[in-house]
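coords27.txt follows (compact mmCIF, C-alpha atoms):
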# COMPACT_ATOMS: atom_id res chain seq x y z
CA MET A 1 -146.48 26.76 101.94
CA THR A 2 -145.63 30.44 101.64
CA GLY A 3 -148.24 30.93 98.91
CA LEU A 4 -150.93 29.31 101.05
CA LEU A 5 -149.97 31.43 104.06
CA ASP A 6 -150.11 34.58 101.93
CA SER A 7 -153.61 33.61 100.74
CA LEU A 8 -154.78 32.96 104.31
CA ALA A 9 -153.28 36.27 105.43
CA LEU A 10 -155.10 38.05 102.61
CA LEU A 11 -158.36 36.37 103.68
CA CYS A 12 -157.81 37.59 107.25
CA THR A 13 -157.12 41.13 106.00
CA ALA A 14 -160.36 41.11 104.00
CA ALA A 15 -162.25 39.60 106.95
CA GLY A 16 -160.92 42.38 109.20
CA LEU A 17 -162.17 45.01 106.77
CA VAL A 18 -165.62 43.40 106.49
CA ALA A 19 -165.90 42.85 110.26
CA GLY A 20 -164.81 46.42 111.01
CA ILE A 21 -167.32 47.95 108.60
CA THR A 22 -170.12 45.68 109.86
CA VAL A 23 -169.41 46.51 113.51
CA LEU A 24 -169.24 50.22 112.67
CA ALA A 25 -172.58 50.07 110.86
CA SER A 26 -174.12 48.10 113.70
CA SER A 27 -172.79 49.86 116.79
CA ARG A 28 -171.73 53.34 115.47
CA ASP A 29 -168.66 52.93 117.70
CA SER A 30 -165.50 53.72 115.72
CA LEU A 31 -163.14 52.52 118.49
CA LEU A 32 -164.90 49.17 118.68
CA ALA A 33 -164.93 48.79 114.90
CA LEU A 34 -161.25 49.66 114.61
CA ARG A 35 -160.29 47.28 117.40
CA THR A 36 -162.29 44.52 115.72
CA ALA A 37 -160.58 45.10 112.38
CA LEU A 38 -157.12 45.33 113.98
CA GLU A 39 -157.65 42.01 115.74
CA LEU A 40 -158.01 40.23 112.41
CA TRP A 41 -155.22 42.30 110.80
CA VAL A 42 -152.86 41.18 113.57
CA ALA A 43 -153.87 37.60 112.72
CA ALA A 44 -152.96 38.35 109.08
CA GLY A 45 -149.55 39.70 110.14
CA LEU A 46 -148.87 36.66 112.32
CA LEU A 47 -149.85 34.30 109.48
CA ARG A 48 -147.28 35.99 107.24
CA LEU A 49 -144.73 35.44 110.05
CA ALA A 50 -145.43 31.70 110.02
CA GLY A 51 -143.40 31.24 106.85
CA PRO A 52 -139.63 31.47 106.61
CA PRO A 53 -138.59 34.42 108.78
CA SER A 54 -137.76 37.62 107.01
CA TRP A 55 -137.17 41.13 108.29
CA SER A 56 -139.92 42.65 106.14
CA THR A 57 -142.70 40.36 107.42
CA LEU A 58 -141.53 40.86 111.01
CA ALA A 59 -141.47 44.63 110.54
CA ALA A 60 -144.99 44.51 109.04
CA ALA A 61 -146.40 42.49 111.96
CA ALA A 62 -144.65 44.75 114.48
CA ALA A 63 -145.99 47.83 112.66
CA VAL A 64 -149.58 46.52 112.90
CA ILE A 65 -149.19 45.89 116.64
CA VAL A 66 -147.60 49.32 117.24
CA THR A 67 -150.28 51.03 115.13
CA ARG A 68 -152.94 49.14 117.07
CA GLN A 69 -151.48 50.30 120.39
CA LEU A 70 -151.18 53.91 119.21
CA ILE A 71 -154.69 54.11 117.75
CA THR A 72 -156.24 52.46 120.79
CA GLN A 73 -154.48 54.87 123.17
CA ALA A 74 -155.34 57.89 121.00
CA LEU A 75 -159.00 56.93 120.79
CA ARG A 76 -159.12 56.26 124.54
CA TRP A 77 -157.77 59.75 125.24
CA SER A 78 -160.16 61.39 122.79
CA GLY A 79 -163.10 60.12 124.83
CA PRO A 80 -165.71 57.38 124.73
CA GLY A 81 -167.06 56.47 121.33
CA GLY A 82 -163.98 57.92 119.54
CA MET B 83 -101.62 2.58 123.53
CA ARG B 84 -103.14 5.96 124.31
CA ARG B 85 -105.83 7.00 121.91
CA GLY B 86 -106.67 10.63 121.02
CA ARG B 87 -110.09 12.24 121.22
CA PRO B 88 -112.36 10.93 118.44
CA ALA B 89 -113.77 13.32 115.88
CA THR B 90 -117.43 14.34 116.13
CA GLY B 91 -119.73 11.52 115.06
CA SER B 92 -116.95 8.95 115.18
CA VAL B 93 -116.20 6.12 117.56
CA VAL B 94 -112.70 4.84 118.25
CA CYS B 95 -112.57 1.05 118.27
CA SER B 96 -109.98 -1.64 117.80
CA PHE B 97 -110.36 -1.27 114.00
CA GLY B 98 -109.62 2.46 114.09
CA THR B 99 -111.88 5.49 113.74
CA VAL B 100 -115.30 4.47 112.35
CA PRO B 101 -118.03 7.04 111.70
CA VAL B 102 -120.70 4.93 113.43
CA VAL B 103 -122.82 7.87 114.59
CA ASP B 104 -122.60 9.45 111.16
CA SER B 105 -123.86 6.26 109.56
CA ILE B 106 -126.86 6.15 111.93
CA LEU B 107 -127.75 9.84 112.08
CA SER B 108 -125.84 12.08 109.71
CA GLU B 109 -125.87 15.85 110.02
CA GLU B 110 -127.84 16.10 106.79
CA LEU B 111 -130.51 13.72 108.09
CA LEU B 112 -130.71 15.57 111.41
CA SER B 113 -131.03 18.84 109.54
CA GLU B 114 -133.86 17.42 107.41
CA ILE B 115 -135.68 16.05 110.48
CA VAL B 116 -135.44 19.35 112.33
CA ASP B 117 -136.52 21.21 109.20
CA LEU B 118 -139.58 18.95 108.94
CA LEU B 119 -140.38 19.51 112.64
CA VAL B 120 -140.06 23.27 112.18
CA ARG B 121 -142.49 23.13 109.27
CA VAL B 122 -144.98 21.02 111.27
CA VAL B 123 -144.79 23.33 114.31
CA GLU B 124 -145.13 26.47 112.19
CA ALA B 125 -148.03 24.98 110.23
CA ALA B 126 -149.75 24.16 113.54
CA GLY B 127 -149.21 27.77 114.67
CA ALA B 128 -150.63 29.11 111.41
CA LEU B 129 -153.62 26.76 111.67
CA ILE B 130 -154.33 27.96 115.23
CA ILE B 131 -154.10 31.63 114.19
CA PHE B 132 -156.33 31.13 111.13
CA THR B 133 -158.88 29.10 113.11
CA GLY B 134 -159.03 31.84 115.74
CA ALA B 135 -159.47 34.48 113.06
CA VAL B 136 -162.29 32.56 111.33
CA ILE B 137 -164.11 31.86 114.62
CA GLY B 138 -163.67 35.50 115.65
CA PHE B 139 -164.90 36.78 112.27
CA VAL B 140 -168.07 34.68 112.38
CA ARG B 141 -168.79 35.64 116.00
CA PHE B 142 -168.16 39.34 115.25
CA LEU B 143 -170.66 39.20 112.37
CA ILE B 144 -173.27 37.40 114.49
CA LEU B 145 -172.88 39.98 117.29
CA ALA B 146 -173.04 42.87 114.82
CA VAL B 147 -176.23 41.54 113.24
CA ARG B 148 -177.82 40.96 116.65
CA ARG B 149 -176.68 44.45 117.77
CA ARG B 150 -175.24 43.30 121.07
CA THR B 151 -173.47 45.47 123.66
CA PRO B 152 -169.77 46.43 123.27
CA ALA B 153 -168.92 44.11 126.19
CA ALA B 154 -169.93 41.12 124.07
CA PHE B 155 -167.45 42.22 121.39
CA VAL B 156 -164.68 42.48 124.00
CA THR B 157 -165.28 38.85 125.00
CA VAL B 158 -164.85 37.73 121.38
CA ARG B 159 -161.72 39.87 120.98
CA LEU B 160 -160.24 38.28 124.11
CA ASP B 161 -160.88 34.83 122.64
CA VAL B 162 -159.26 35.80 119.32
CA GLY B 163 -156.29 37.26 121.23
CA ARG B 164 -155.82 33.95 123.03
CA PHE B 165 -155.69 32.11 119.70
CA LEU B 166 -153.15 34.65 118.40
CA THR B 167 -150.81 34.34 121.40
CA LEU B 168 -151.03 30.53 121.24
CA GLY B 169 -150.13 30.59 117.53
CA LEU B 170 -147.27 32.99 118.22
CA GLU B 171 -145.93 30.62 120.86
CA PHE B 172 -145.87 27.84 118.26
CA GLN B 173 -143.89 30.15 115.99
CA LEU B 174 -141.44 30.78 118.85
CA ALA B 175 -141.14 27.01 119.28
CA GLY B 176 -140.23 26.81 115.59
CA ASP B 177 -137.54 29.46 116.12
CA ILE B 178 -136.10 27.47 119.03
CA LEU B 179 -136.03 24.33 116.87
CA ARG B 180 -134.24 26.25 114.13
CA THR B 181 -131.40 27.09 116.52
CA ALA B 182 -130.61 23.34 116.59
CA ILE B 183 -129.51 23.43 112.96
CA ALA B 184 -128.18 26.98 112.63
CA PRO B 185 -124.54 26.35 111.85
CA THR B 186 -123.12 29.86 111.93
CA PHE B 187 -123.09 32.64 114.49
CA ARG B 188 -124.67 34.95 111.92
CA GLU B 189 -127.68 32.64 111.52
CA ILE B 190 -128.00 32.21 115.27
CA GLY B 191 -127.85 36.00 115.67
CA GLU B 192 -130.63 36.46 113.09
CA LEU B 193 -132.75 33.82 114.82
CA ALA B 194 -132.16 35.49 118.18
CA ALA B 195 -133.28 38.84 116.78
CA ILE B 196 -136.41 37.33 115.20
CA ALA B 197 -137.24 35.39 118.37
CA THR B 198 -136.81 38.60 120.39
CA ILE B 199 -139.23 40.46 118.14
CA ARG B 200 -141.75 37.58 118.30
CA THR B 201 -141.43 37.53 122.10
CA ALA B 202 -142.09 41.28 122.16
CA LEU B 203 -145.18 40.78 119.96
CA ASN B 204 -146.36 38.05 122.31
CA TYR B 205 -145.78 40.31 125.31
CA PHE B 206 -147.80 43.19 123.84
CA LEU B 207 -150.64 40.87 122.82
CA ARG B 208 -150.76 39.36 126.30
CA ARG B 209 -150.72 42.83 127.87
CA GLU B 210 -153.61 43.90 125.66
CA ILE B 211 -155.57 40.81 126.65
CA ARG B 212 -154.91 41.56 130.34
CA ASP B 213 -155.99 45.19 129.93
CA GLU B 214 -159.13 44.15 128.06
CA ARG B 215 -159.98 41.60 130.74
CA GLU B 216 -159.58 44.21 133.47
CA GLU B 217 -161.69 46.67 131.49
CA LEU B 218 -164.37 44.02 131.01
CA SER B 219 -164.46 43.05 134.69
CA ARG B 220 -164.59 46.76 135.65
CA ASP B 221 -167.58 47.28 133.35
CA GLN B 222 -169.34 44.19 134.67
CA GLN B 223 -168.98 45.24 138.31
CA PRO B 224 -172.19 46.69 139.76
CA ALA B 225 -172.02 50.45 140.25
CA SER B 226 -171.18 51.07 143.89
CA GLY B 227 -172.22 54.24 145.65
CA PRO B 228 -174.86 55.77 147.87
This structure in structure tokens:
Amino acid sequence: MTGLLDSLALLCTAAGLVAGITVLASSRDSLLALRTALELWVAAGLLRLAGPPSWSTLAAAAAVIVTRQLITQALRWSGPGG
Amino acid sequence: MRRGRPATGSVVCSFGTVPVVDSILSEELLSEIVDLLVRVVEAAGALIIFTGAVIGFVRFLILAVRRRTPAAFVTVRLDVGRFLTLGLEFQLAGDILRTAIAPTFREIGELAAIATIRTALNYFLRREIRDEREELSRDQQPASGP
């Protein structure tokens, strides 16, 4: 099951990248594009967590969430549109 | 004759101590059942998360192609966030089930730490969803003023 979960997580990571680039090209809004990509990258991190628990996967998922919080706050402070 | 306390999984009867409970539901069998349940619950959580991600991805692409407003993207992100928190709650349920078969304090301690981190992840995701929802409702309110 771990192999399948890793594959699904990889798919989500790729989907996040594609969605982020597409949204950026469409809306020219970097904050929106980054938030879109991070949403799917969080899904990837949580899928990796679904397997047997390990400290490294937990740390990775927590790092994505913390990074997401930090980037969102930083972009909010820098003004609308990023 | 006064009988002593029976050992775990044993029943004291007129024929002596018989491991009746062990013969019906041994610790190994219980451990296997709980392990199977944990796998089922975690697979359900993973399925929910992946389904949410796929639905979100398709909707993001459709919105991007149609060049909709940022508010439309926020709605999709809120929906994806709901899928993620639901999946995370299934994972927490799996952690709770695991505590039923964790035989040592060390394993229980590790499970507690992992469950704490998952709860924190769930909390931050829920907070983000709440903030996004407030932001969305603020944007949708008609501009008040003279």
query = Given a cut-off of 7 Å, which residues of chain A touch chain B, counting all atoms listed in the file, written out as a list in words?
reply = Cys12, Ala15, Ala19, Thr22, Val23, Ser26, Ser27, Glu39, Leu40, Ala43, Leu47, Ala50 and Ala62 of chain A
For Asp6 in chain A: contacts at 10 Å, all atoms listed in the file, fewer than 5 positions along chain excluded, given as a PDB file with C-alpha atoms, in the frame of the given file:
ATOM      1  CA  MET A   1    -146.480  26.760 101.940  1.00  0.00           C
ATOM      2  CA  LEU A  11    -158.360  36.370 103.680  1.00  0.00           C
ATOM      3  CA  CYS A  12    -157.810  37.590 107.250  1.00  0.00           C
ATOM      4  CA  ALA A  44    -152.960  38.350 109.080  1.00  0.00           C
ATOM      5  CA  GLY A  45    -149.550  39.700 110.140  1.00  0.00           C
ATOM      6  CA  LEU A  47    -149.850  34.300 109.480  1.00  0.00           C
ATOM      7  CA  ARG A  48    -147.280  35.990 107.240  1.00  0.00           C
ATOM      8  CA  LEU A  49    -144.730  35.440 110.050  1.00  0.00           C
ATOM      9  CA  ALA A  50    -145.430  31.700 110.020  1.00  0.00           C
ATOM     10  CA  GLY A  51    -143.400  31.240 106.850  1.00  0.00           C
TER      11      GLY A  51
END
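With distances restricted to all atoms listed in the file, B:Thr157 is the closest residue to Glu216 in chain B from B:Ala184, B:Asn204, B:Thr157, B:Ser113.
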query = How many Å separate CA of Gln73 in chain A from CA of Leu17 in chain A?
reply =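 Rounded to one decimal, the two atoms are 20.6 Å apart.
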message = Taking all atoms listed in the file into account, name the residue in A:Ser54, A:Trp41, A:Arg68, A:Ala59 that is nearest to Ala14 in chain A.
response = A:Trp41
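Take the candidates B:Ala182, B:Ser219, B:Leu168, B:Glu214 and check each one against Arg35 in chain A using all atoms listed in the file; the shortest distance goes to B:Glu214.
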query = To one decimal place, how far is CA of Ser105 in chain B from CA of Ile183 in chain B in Å?
reply =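 For CA of Ser105 in chain B relative to CA of Ile183 in chain B, the distance reads 18.4 Å.
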message = Under the rule that all atoms listed in the file are counted, which of A:Leu32, A:Val64, A:Ala37, A:Leu46 is the nearest residue to Val18 in chain A?
response =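 Smallest separation from Val18 in chain A among the options: A:Ala37.
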inquiry  = Report, in Å to a single decimal, how far apart CA of Val66 in chain A and CA of Thr2 in chain A are.
reply    = 24.6 Å
